[in-house]
Structures are given as structure tokens and as C-alpha cells.
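Student: Data file input-v9.cif (mmCIF, C-alpha atoms) is appended below.
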```cif
data_protein
loop_
_atom_site.label_atom_id
_atom_site.label_comp_id
_atom_site.auth_asym_id
_atom_site.auth_seq_id
_atom_site.Cartn_x
_atom_site.Cartn_y
_atom_site.Cartn_z
CA MET A 1 -5.53 22.62 27.61
CA LYS A 2 -2.42 20.74 28.74
CA LYS A 3 -1.21 21.26 32.29
CA THR A 4 1.85 23.43 32.75
CA ILE A 5 4.86 21.61 34.21
CA LEU A 6 7.84 23.08 36.05
CA ILE A 7 10.91 20.85 36.47
CA SER A 8 13.36 22.40 38.89
CA ASN A 9 16.85 21.80 40.30
CA ILE A 10 17.77 19.23 37.67
CA THR A 11 20.78 18.76 35.39
CA ILE A 12 19.73 19.78 31.88
CA ALA A 13 21.66 17.93 29.16
CA ASP A 14 21.70 18.68 25.45
CA SER A 15 23.86 17.40 22.61
CA VAL A 16 25.38 20.83 21.92
CA GLU A 17 25.09 23.08 24.95
CA LYS A 18 27.07 22.36 28.12
CA SER A 19 25.02 20.63 30.83
CA PHE A 20 23.87 22.80 33.73
CA ILE A 21 21.62 22.58 36.78
CA GLY A 22 18.46 24.55 36.27
CA ASP A 23 14.73 24.70 35.67
CA ILE A 24 12.48 23.95 32.69
CA LEU A 25 8.97 25.25 32.11
CA LEU A 26 6.58 23.35 29.83
CA GLU A 27 3.42 24.95 28.47
CA ASP A 28 0.96 23.74 25.81
CA GLY A 29 3.20 20.80 24.89
CA LYS A 30 6.26 22.97 24.30
CA ILE A 31 9.39 23.94 26.17
CA THR A 32 8.81 27.57 27.12
CA GLU A 33 11.99 28.27 29.07
CA ALA A 34 15.12 26.49 30.26
CA ALA A 35 17.34 28.50 32.58
CA SER A 36 19.44 28.31 35.73
CA SER A 37 16.48 29.50 37.78
CA LEU A 38 12.83 30.18 36.98
CA SER A 39 10.43 31.84 39.40
CA LYS A 40 7.29 30.47 37.82
CA ASN A 41 4.09 28.80 38.92
CA ALA A 42 2.84 25.64 37.19
CA ASP A 43 0.05 23.09 37.52
CA ILE A 44 2.64 20.38 38.22
CA HIS A 45 5.97 20.90 39.94
CA ILE A 46 8.71 18.27 39.71
CA ASP A 47 11.48 19.15 42.16
CA ALA A 48 14.68 17.15 41.67
CA SER A 49 16.53 18.72 44.61
CA GLY A 50 19.08 16.31 46.07
CA LYS A 51 18.28 13.53 43.60
CA ASN A 52 21.15 13.88 41.11
CA TRP A 53 18.69 13.53 38.23
CA THR A 54 19.28 14.57 34.62
CA VAL A 55 16.71 15.56 32.02
CA VAL A 56 17.44 14.78 28.37
CA PRO A 57 15.47 14.98 25.12
CA GLY A 58 13.12 12.04 24.56
CA PHE A 59 14.64 9.09 22.72
CA ILE A 60 13.84 8.59 19.02
CA ASP A 61 13.86 4.97 17.82
CA VAL A 62 14.11 4.95 14.00
CA HIS A 63 14.07 1.15 13.76
CA ILE A 64 11.49 -0.77 15.76
CA HIS A 65 9.12 -3.50 14.58
CA GLY A 66 7.18 -4.19 17.74
CA ALA A 67 6.81 -4.28 21.51
CA ALA A 68 4.44 -5.46 24.25
CA GLY A 69 2.96 -8.21 22.07
CA PHE A 70 2.30 -5.97 19.07
CA ASP A 71 3.96 -5.66 15.64
CA VAL A 72 3.72 -3.06 12.88
CA MET A 73 2.92 -5.86 10.42
CA ASP A 74 -0.23 -6.73 12.43
CA ALA A 75 -1.67 -3.83 10.44
CA THR A 76 -4.13 -2.77 13.13
CA LYS A 77 -4.65 0.46 15.04
CA GLU A 78 -4.48 -1.57 18.25
CA ALA A 79 -0.97 -2.77 17.38
CA LEU A 80 0.44 0.71 16.78
CA SER A 81 -1.38 2.05 19.83
CA GLY A 82 -0.05 -0.80 21.98
CA MET A 83 3.51 -0.10 20.87
CA ALA A 84 3.13 3.63 21.36
CA SER A 85 1.76 3.09 24.87
CA ALA A 86 4.65 0.81 25.89
CA LEU A 87 7.59 2.86 24.60
CA PRO A 88 7.59 5.79 27.09
CA ARG A 89 8.55 3.28 29.81
CA GLU A 90 12.00 3.06 28.19
CA GLY A 91 12.24 6.79 27.48
CA THR A 92 11.17 6.65 23.83
CA THR A 93 8.97 9.56 22.84
CA CYS A 94 9.13 9.16 19.04
CA PHE A 95 9.52 6.21 16.68
CA LEU A 96 9.46 5.11 13.07
CA ALA A 97 7.03 2.21 12.65
CA THR A 98 9.22 -0.34 10.89
CA THR A 99 7.86 -2.84 8.39
CA MET A 100 9.66 -5.94 7.13
CA THR A 101 9.90 -8.11 4.03
CA GLN A 102 6.55 -9.75 3.46
CA SER A 103 4.07 -10.16 0.61
CA LYS A 104 3.21 -6.94 -1.22
CA GLU A 105 -0.33 -7.25 0.12
CA ALA A 106 0.83 -7.53 3.74
CA ILE A 107 3.15 -4.53 3.39
CA SER A 108 0.37 -2.53 1.74
CA LYS A 109 -1.99 -3.26 4.64
CA ALA A 110 0.61 -2.25 7.22
CA LEU A 111 1.39 1.00 5.40
CA GLN A 112 -2.26 1.91 4.93
CA ASN A 113 -2.93 1.21 8.60
CA ALA A 114 0.00 3.42 9.65
CA SER A 115 -1.23 6.24 7.41
CA PHE A 116 -4.14 6.88 9.78
CA PHE A 117 -2.38 6.49 13.12
CA GLN A 118 -2.07 9.42 15.48
CA ALA A 119 -0.69 8.88 18.96
CA GLU A 120 -2.57 9.91 22.07
CA GLU A 121 -1.12 12.37 24.58
CA THR A 122 0.43 9.68 26.79
CA GLN A 123 1.92 7.68 23.92
CA ALA A 124 5.15 7.89 21.96
CA GLU A 125 4.61 9.72 18.70
CA MET A 126 4.86 7.85 15.41
CA VAL A 127 6.82 10.34 13.33
CA GLY A 128 6.94 8.22 10.19
CA ILE A 129 7.59 4.79 8.71
CA HIS A 130 10.80 2.86 8.11
CA LEU A 131 10.36 0.50 5.16
CA GLU A 132 12.86 -2.31 5.83
CA GLY A 133 12.75 -4.50 2.75
CA PRO A 134 11.61 -6.04 0.53
CA PHE A 135 14.27 -4.42 -1.70
CA ILE A 136 17.18 -6.31 -0.11
CA SER A 137 19.76 -8.95 -0.99
CA GLU A 138 18.89 -12.64 -0.94
CA LYS A 139 22.45 -13.22 0.26
CA GLN A 140 21.88 -11.23 3.47
CA PRO A 141 18.25 -11.85 4.48
CA GLY A 142 18.64 -12.37 8.21
CA ALA A 143 15.13 -12.94 9.56
CA GLN A 144 13.53 -11.39 6.44
CA PRO A 145 11.66 -14.13 4.49
CA VAL A 146 13.64 -14.78 1.30
CA GLU A 147 10.55 -15.73 -0.72
CA HIS A 148 9.23 -12.16 -0.48
CA ILE A 149 12.46 -10.33 -1.42
CA THR A 150 12.01 -8.34 -4.61
CA PRO A 151 14.22 -6.03 -6.75
CA PRO A 152 13.93 -2.30 -5.99
CA SER A 153 11.01 -0.75 -7.84
CA GLU A 154 10.37 2.97 -7.83
CA ALA A 155 6.82 2.41 -9.12
CA LEU A 156 6.03 0.05 -6.26
CA PHE A 157 7.64 2.37 -3.75
CA GLN A 158 5.58 5.32 -4.99
CA LYS A 159 2.43 3.22 -4.71
CA TRP A 160 3.34 2.38 -1.14
CA GLN A 161 4.27 5.96 -0.35
CA LYS A 162 0.84 7.09 -1.49
CA LEU A 163 -0.83 4.36 0.58
CA SER A 164 1.12 5.49 3.62
CA GLY A 165 -0.01 9.09 3.28
CA ASN A 166 3.60 10.05 2.46
CA ARG A 167 4.74 8.84 5.88
CA ILE A 168 7.65 6.66 4.67
CA LYS A 169 10.74 8.58 5.84
CA LEU A 170 13.41 5.88 5.61
CA VAL A 171 13.86 2.85 3.35
CA THR A 172 16.39 0.06 3.87
CA MET A 173 17.62 -1.57 0.66
CA ALA A 174 20.59 -3.28 -0.98
CA PRO A 175 22.12 -0.98 -3.61
CA GLU A 176 23.89 -3.79 -5.50
CA THR A 177 20.56 -5.33 -6.52
CA GLU A 178 18.98 -4.84 -9.94
CA SER A 179 18.04 -1.16 -10.48
CA GLY A 180 19.35 -0.39 -6.99
CA ILE A 181 21.37 2.72 -7.87
CA HIS A 182 18.58 4.19 -10.00
CA PHE A 183 16.14 3.53 -7.14
CA ILE A 184 18.36 5.46 -4.71
CA GLU A 185 18.56 8.43 -7.07
CA GLN A 186 14.80 8.59 -7.55
CA VAL A 187 13.77 8.05 -3.93
CA THR A 188 16.28 10.47 -2.41
CA ALA A 189 15.17 13.11 -4.94
CA ASP A 190 11.75 12.89 -3.26
CA GLY A 191 13.29 13.56 0.16
CA VAL A 192 13.23 10.00 1.50
CA LEU A 193 16.30 8.73 3.35
CA VAL A 194 17.89 5.64 1.82
CA SER A 195 19.69 3.26 4.15
CA ILE A 196 22.09 0.51 3.10
CA GLY A 197 21.10 -2.71 4.80
CA HIS A 198 20.73 -6.44 4.26
CA SER A 199 23.33 -5.89 1.58
CA ASP A 200 26.22 -7.95 0.22
CA GLY A 201 27.65 -4.99 -1.65
CA THR A 202 31.31 -4.38 -2.39
CA TRP A 203 33.19 -1.22 -1.50
CA GLN A 204 32.84 -0.07 -5.13
CA GLU A 205 29.08 -0.65 -5.12
CA MET A 206 28.82 1.27 -1.88
CA GLN A 207 30.63 4.22 -3.44
CA GLN A 208 28.06 4.24 -6.23
CA ALA A 209 25.29 4.16 -3.64
CA LEU A 210 26.74 7.13 -1.79
CA GLN A 211 27.10 9.04 -5.04
CA ALA A 212 23.44 8.33 -5.76
CA GLY A 213 22.38 9.71 -2.38
CA ALA A 214 22.39 6.91 0.23
CA SER A 215 23.19 8.42 3.63
CA HIS A 216 22.32 5.86 6.33
CA VAL A 217 23.31 2.31 7.30
CA THR A 218 20.86 -0.17 8.87
CA HIS A 219 22.02 -2.04 12.02
CA LEU A 220 25.77 -1.82 11.47
CA TYR A 221 27.60 -5.18 11.29
CA ASN A 222 24.41 -7.24 11.00
CA GLN A 223 23.40 -8.76 7.65
CA MET A 224 25.93 -6.94 5.50
CA SER A 225 29.17 -7.79 3.73
CA PRO A 226 31.91 -7.77 6.40
CA PHE A 227 35.18 -5.91 6.36
CA HIS A 228 37.97 -7.56 4.38
CA HIS A 229 41.36 -6.00 3.82
CA ARG A 230 41.01 -6.32 0.05
CA ASP A 231 37.36 -5.29 -0.06
CA PRO A 232 36.10 -3.25 2.89
CA GLY A 233 32.50 -4.14 1.99
CA VAL A 234 29.50 -2.47 3.62
CA VAL A 235 31.02 -2.60 7.12
CA GLY A 236 34.28 -0.95 6.04
CA THR A 237 32.41 1.67 4.03
CA ALA A 238 30.08 2.43 6.93
CA LEU A 239 33.00 2.91 9.34
CA THR A 240 35.12 5.11 7.08
CA GLU A 241 32.64 7.26 5.16
CA ASP A 242 31.71 10.50 6.89
CA ARG A 243 28.70 10.79 4.59
CA LEU A 244 27.04 7.87 6.35
CA SER A 245 25.14 7.84 9.63
CA VAL A 246 24.93 4.37 11.11
CA GLU A 247 22.43 2.57 13.31
CA ILE A 248 23.69 0.15 15.94
CA ILE A 249 21.89 -2.40 18.11
CA ALA A 250 23.84 -2.05 21.35
CA ASP A 251 22.47 -5.10 23.14
CA PHE A 252 25.93 -6.74 23.18
CA ILE A 253 24.37 -9.68 21.32
CA HIS A 254 24.03 -8.23 17.82
CA SER A 255 27.33 -6.43 18.41
CA HIS A 256 30.16 -7.25 20.82
CA PRO A 257 30.98 -4.40 23.25
CA LYS A 258 34.31 -3.87 21.47
CA SER A 259 32.50 -3.62 18.14
CA VAL A 260 30.24 -0.95 19.64
CA GLU A 261 33.32 0.83 20.96
CA LEU A 262 34.95 0.62 17.52
CA ALA A 263 31.89 2.18 15.89
CA PHE A 264 31.90 4.98 18.45
CA ARG A 265 35.61 5.65 18.02
CA GLN A 266 35.39 5.62 14.24
CA LYS A 267 32.10 7.44 13.63
CA GLY A 268 31.96 9.68 16.67
CA ALA A 269 28.77 10.40 18.59
CA GLU A 270 27.53 12.70 15.83
CA ARG A 271 27.13 9.85 13.29
CA LEU A 272 25.88 7.01 15.50
CA ILE A 273 22.17 6.35 16.06
CA LEU A 274 21.08 3.91 18.74
CA ILE A 275 18.14 1.70 17.76
CA THR A 276 16.40 -1.33 19.21
CA ASP A 277 15.22 -3.26 16.11
CA ALA A 278 12.84 -4.74 18.67
CA MET A 279 10.15 -7.29 17.87
CA ARG A 280 6.82 -7.93 19.58
CA ALA A 281 8.29 -9.89 22.53
CA LYS A 282 10.00 -6.82 23.96
CA GLY A 283 8.77 -6.36 27.51
CA LEU A 284 7.17 -9.82 27.68
CA GLU A 285 8.11 -13.16 29.19
CA PRO A 286 10.38 -15.63 27.34
CA GLY A 287 8.55 -17.98 24.97
CA ILE A 288 7.65 -18.60 21.34
CA TYR A 289 6.51 -15.53 19.39
CA ASP A 290 5.63 -14.77 15.79
CA LEU A 291 7.66 -12.69 13.36
CA ALA A 292 6.26 -12.52 9.84
CA GLY A 293 4.77 -15.99 10.19
CA GLN A 294 8.00 -17.43 11.60
CA ASP A 295 8.36 -18.90 15.09
CA VAL A 296 10.87 -16.98 17.19
CA LEU A 297 12.34 -18.39 20.39
CA VAL A 298 12.70 -15.55 22.88
CA THR A 299 14.87 -15.97 25.97
CA GLU A 300 15.77 -13.49 28.70
CA THR A 301 18.41 -12.02 26.40
CA ASP A 302 17.65 -12.54 22.71
CA ALA A 303 15.22 -13.58 19.97
CA ARG A 304 16.15 -16.21 17.38
CA LEU A 305 14.63 -18.23 14.56
CA GLN A 306 14.79 -22.02 14.77
CA SER A 307 17.89 -21.80 12.54
CA GLY A 308 19.62 -19.81 15.28
CA ALA A 309 19.56 -16.56 13.28
CA LEU A 310 18.83 -13.45 15.29
CA ALA A 311 15.28 -12.20 14.72
CA GLY A 312 15.31 -8.61 15.85
CA SER A 313 15.85 -7.88 19.52
CA ILE A 314 14.12 -7.35 22.85
CA LEU A 315 16.34 -4.36 23.60
CA THR A 316 15.04 -1.16 25.17
CA MET A 317 16.45 2.26 24.36
CA ASP A 318 17.44 2.98 27.95
CA THR A 319 19.40 -0.28 28.11
CA ALA A 320 21.12 0.63 24.82
CA LEU A 321 22.08 3.99 26.30
CA ARG A 322 23.55 2.41 29.44
CA ASN A 323 25.40 -0.23 27.40
CA VAL A 324 27.03 2.33 25.15
CA GLN A 325 28.05 4.47 28.10
CA SER A 326 29.56 1.41 29.80
CA CYS A 327 31.79 0.43 26.87
CA THR A 328 32.77 3.88 25.61
CA GLY A 329 32.75 6.15 28.66
CA CYS A 330 30.98 8.75 26.54
CA SER A 331 29.48 11.92 27.99
CA ILE A 332 25.80 12.57 28.61
CA SER A 333 25.84 15.07 25.72
CA GLU A 334 27.15 12.37 23.41
CA LEU A 335 24.40 10.02 24.60
CA VAL A 336 21.83 12.70 23.77
CA ALA A 337 23.27 12.90 20.26
CA MET A 338 23.07 9.13 19.74
CA THR A 339 19.59 8.64 21.24
CA SER A 340 17.81 11.72 19.98
CA ALA A 341 19.55 14.66 18.33
CA ASN A 342 21.08 12.75 15.40
CA ALA A 343 17.81 11.07 14.50
CA ALA A 344 15.90 14.35 14.78
CA LYS A 345 18.36 16.07 12.47
CA GLU A 346 18.39 13.24 9.94
CA LEU A 347 14.58 13.03 9.80
CA GLY A 348 14.16 16.80 9.63
CA LEU A 349 12.32 16.93 12.96
CA SER A 350 13.32 20.50 13.78
CA ASN A 351 11.05 20.57 16.85
CA LYS A 352 12.67 17.48 18.43
CA GLY A 353 16.01 16.35 19.81
CA SER A 354 17.06 19.23 22.07
CA ILE A 355 16.00 21.16 25.15
CA ARG A 356 15.39 24.68 23.95
CA ALA A 357 12.54 27.16 24.02
CA GLY A 358 9.97 26.41 21.32
CA LYS A 359 10.84 22.72 20.95
CA ASP A 360 8.34 19.96 21.65
CA ALA A 361 8.27 18.99 25.33
CA ASP A 362 9.55 15.44 24.75
CA LEU A 363 11.72 14.74 27.78
CA VAL A 364 13.19 11.88 29.81
CA ILE A 365 14.31 12.18 33.41
CA LEU A 366 17.18 9.82 34.28
CA ASP A 367 18.68 8.97 37.65
CA GLU A 368 22.43 8.86 38.29
CA SER A 369 22.55 5.27 36.94
CA LEU A 370 20.77 6.34 33.73
CA ASN A 371 17.53 4.58 34.65
CA VAL A 372 14.31 6.18 33.42
CA GLN A 373 12.37 7.87 36.23
CA MET A 374 9.85 9.77 34.14
CA THR A 375 8.96 10.34 30.49
CA ILE A 376 7.09 13.35 29.16
CA CYS A 377 5.54 13.16 25.68
CA ARG A 378 4.63 16.50 24.12
CA GLY A 379 4.08 18.10 27.50
CA THR A 380 2.14 15.23 29.09
CA ILE A 381 3.58 12.87 31.71
CA ALA A 382 3.43 9.48 29.97
CA TYR A 383 5.39 7.34 32.42
CA ILE A 384 6.45 7.53 36.06
CA LYS A 385 8.60 4.85 37.63
CA GLU A 386 6.60 2.84 40.14
CA GLY A 387 6.90 4.07 43.71
CA HIS A 388 7.75 7.65 42.77
CA HIS A 389 5.63 10.58 43.85
CA GLU A 390 8.19 13.28 43.26
CA TYR A 391 5.83 15.78 41.74
CA ARG A 392 2.97 17.72 43.14
CA ASN A 393 0.22 20.03 41.97
CA SER A 394 1.23 23.60 42.66
#
```
Please, can you express the file's structure as C-alpha cells?
Tutor:
Amino acid sequence: MKKTILISNITIADSVEKSFIGDILLEDGKITEAASSLSKNADIHIDASGKNWTVVPGFIDVHIHGAAGFDVMDATKEALSGMASALPREGTTCFLATTMTQSKEAISKALQNASFFQAEETQAEMVGIHLEGPFISEKQPGAQPVEHITPPSEALFQKWQKLSGNRIKLVTMAPETESGIHFIEQVTADGVLVSIGHSDGTWQEMQQALQAGASHVTHLYNQMSPFHHRDPGVVGTALTEDRLSVEIIADFIHSHPKSVELAFRQKGAERLILITDAMRAKGLEPGIYDLAGQDVLVTETDARLQSGALAGSILTMDTALRNVQSCTGCSISELVAMTSANAAKELGLSNKGSIRAGKDADLVILDESLNVQMTICRGTIAYIKEGHHEYRNS
């Protein structure tokens, strides 16, 4: 049986309810109570008195390829386990294992491997798979190998969905490609989210995609047709269509701070989803790393192919949160929406994304500078910042 945890005298922040100072009781991996004061006993007591700490729902990263030397495309249990073990350090408690454009055989292996994976108690939970490619545009490949790009195929997708144990929740594709609109109609009818990404589509083609059921945009601004005053393209459509939720890589490399601010102003916190799009070098030293058989030069700040093209990121979710707060001045409730609540709602994770009785006990404790002090995954302490001993056995 999991240990009961009482967190007391802490600011409790949600995306909907007004923040307040109070106590939270966790039992059997769930939030049992959250109130201004709880006179309860627990196995572990975390007292935040005088620390100006805030507890928020655990972060949900819907677009991440790798971390800590591991990549989803490694297609091994060790790779997914390594990623899941590393992510609580940055406050991530849930993620979508994200594939990339590769050979059909390589994608099949990665999906089959992910079909069996179940996280351990101290790991971030893999709540599904994000299939990024290979159904994308050759005109907007980014770091996706062009030789493996293929037209959207419902038959191939269904084969992959079966291999994955029906764990594919989100698919990134270019709607202007051959059979693209038909693909969107068929896949969304099965309850899978379709995201517009790596697309050179026009505004008109984007309207057709929305009509067919597309509802998400992959890493806004990056590898998509830019805004033009005579054809707003994917960027203009993403910024002006309320039907679309948009991901953004807020590392200030993939997107300038003013571009992040523009997205926030235009979409509002309720339609922005912070992601990392991280590759295996996240959390490691600078050097040369592999991405789908391509050498990637990783520095202290970014990851690039030899051509200079960005190849994913080394961003952490907590850094993304701090960056967005710095350039928008948004509230803690709005940060909760962008790091957790929006993704939970979009993915249908009704037990995630908020701090309420009955929800999964996925929580992050932040200090006044929004640095992660502790992460709790499904009622188990998964990460404690080094040097802290702020909890005790009751």
C-alpha cells in the first residue's frame, strides 16, 4: 500500500479555482482532500510553513522524443524507463512517447515496444503515444528524414495503432498532402487527435483540415508555412482559429520571446500547451548525439543538425514554465493551464490536470522562483531537490 502524504501550509494552485493556502491529503495514489486546514495524520508530512511554496498539478509533456541519453525510437524498455525516470526532476508526471519519421519497420518496433510499457511508481507515466510523421510535407521536414516521409495512409495508421495496443493518442501530419483530408476524417472518427505540423498548407487547406476534424497544432511557428498578409498559412490559421490548441517550444530558441508573447496574447492560456520536443541529449553534457541516424551537435543551449537546422530541443518543462511567465507575466493559474490542465482535457485524462478530491496525486511543488522542489507521481515522491529534507515521517 502506498504511504499517505500530508502537504500542509502551502499555496494550492489550479487552472480554474482561485489559489489559496491550505493542506492536501494523498492516499492510495489519489488526492483525498484539499482544504484550508486538515487535521489529519499521514505517513509522510511535508510542511511548507514559511517557505512560500506552491503546489501545482504535475506537468504533462505531449511532445517529447527523449531525455537522459534515451530516445523513443530506440525501441527498448530501457529507453522508455530511462526517460520516465528522468522526467520527474523537471516536474513532468505524464508524457506522450513521441516517435519521428523513420522507416516503417523502425516506427513499428518503437510502437510495439511502447505498447508494453508501464511506468514504475517513481517514474513519469506514459499516457500514450504521439506519432509525429511520417505523414508530413517534404517541404517542411525539419529534422525529420525526407527519405522516409510518406503520404497519409489510414490502413498503415490502423496497423500501427493495433501494434501500439491502441496507445496512439495524437498524430502530427500535413493535411495538404495526398489523401490528407480523408485521413483526418477517418482518424478523428476513431477518437485520435490530429495535429497540423510539418506542413506547408495554405489558409484554405487549413480550413479544410479543421472541417475534417483537426484540432491541434504541432510546435507553433516551427516547420510550417509562415504568416503572409495574402495567405495566413498554418501560422496565421493557428493564431486566429479558436478551434485549434497549439503547442509551443518556449526555449526562446525555437521561438523568440515576443513570438511566445504573441501566441499567449492571441490564443490565451486556455489554448496554449507547453512542450519540450526534447531529444536524448536533454540533461546531458554538450556533444554529438544521434537523432534517427543523424548526428546532432548539442551545445549548452540547443541541438542542431550539421546543416544548422534545429533538431528538437534540450528544454525542460520547468524552464519552459519560467520562460513563459517571464515574457507574459501570466498568473500561476494560467501556467497550470498551459503545463497540465489543457493537455489533460485534450487527451481525455479526466483524472489528471487539477488538484481536486479523487484526482490522481500527480503534483509538483515549486519555490517562489518556480523551481521544482519536489515531484509526486501518483502518490509517490519521485523527486526531491538535493539538500532538502523538508518532510518527515509522522
Student: Go ahead and find all residues with at least one atom no further than 12 Å from (22.0, 8.6, 30.6) in the file's coordinates, using all atoms listed in the file; report them as a ChimeraX atom specification.
Tutor: /A:11-14,52-59,90-91,317-326,329-340,364-373
Student: Which is closest to A:Leu244 among A:Gly50, A:Pro88, A:Gly213, A:Gly128, if we use all atoms listed in the file?
Tutor: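 Comparing A:Gly50, A:Pro88, A:Gly213, A:Gly128 against A:Leu244, the winner is A:Gly213.
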Student: Take every atom of stretch 23-33 of chain A listed in the file, pad by 5 Å on each side, and give me the axis-aligned box centre and edge lengths in Å, one decimal, as JSON.
Tutor:
```
{"center_x": 7.8, "center_y": 24.5, "center_z": 30.0, "size_x": 23.8, "size_y": 17.5, "size_z": 21.4}
```
Student: Nearest to A:Ser115 among A:Ala143, A:Ala86, A:Val72, A:Ile381, with distances taken over all atoms listed in the file: which residue is it?
Tutor: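 For A:Ser115, the nearest of the candidates is A:Val72.
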Student: Determine, counting all atoms listed in the file, which protein, DNA and RNA residues have an atom within 9 Å of an atom of A:Gln294; residues of the same chain fewer than 6 positions away are not included. Present the result as a PyMOL selection string.
Tutor: chain A and resi 143+145+305-306
Student: Selection in question (the file shown): the PyMOL selection byres ((chain A and resi 21) around 9). Which residues does it include, as a PyMOL selection string?
Tutor: chain A and resi 8-13+19-20+22-23+35-37+54
Student: Name the residues in contact with A:Leu131 at a cut-off of 7 Å, using all atoms listed in the file, excluding same-chain residues fewer than 5 positions from it; report them as a count of residues only.
Tutor: 7
Student: At a cut-off of 10 Å from (25.4, 5.0, 10.1) in the coordinates of the file, what residues are picked up using all atoms listed in the file, written as a PyMOL selection string?
Tutor: chain A and resi 195-196+215-220+235+237-239+241-248+263+267+270-274
Student: Can you list, as a short mmCIF file (atom, residue, chain, number, x, y, z; two decimals) with C-alpha atoms, in the frame of the given file, every protein, DNA or RNA residue that comes within 7 Å of A:Ala119 when you count all atoms listed in the file, leaving out same-chain residues fewer than 3 positions away?
Tutor:
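New file selection-v3.cif:
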```cif
data_model
loop_
_atom_site.label_atom_id
_atom_site.label_comp_id
_atom_site.auth_asym_id
_atom_site.auth_seq_id
_atom_site.Cartn_x
_atom_site.Cartn_y
_atom_site.Cartn_z
CA SER A 81 -1.38 2.05 19.83
CA ALA A 84 3.13 3.63 21.36
CA GLN A 123 1.92 7.68 23.92
CA ALA A 124 5.15 7.89 21.96
CA GLU A 125 4.61 9.72 18.70
CA MET A 126 4.86 7.85 15.41
#
```
Student: Atom CA of A:Ile7 and atom CA of A:Ala48, how far apart in Å?
Tutor: 7.4 Å
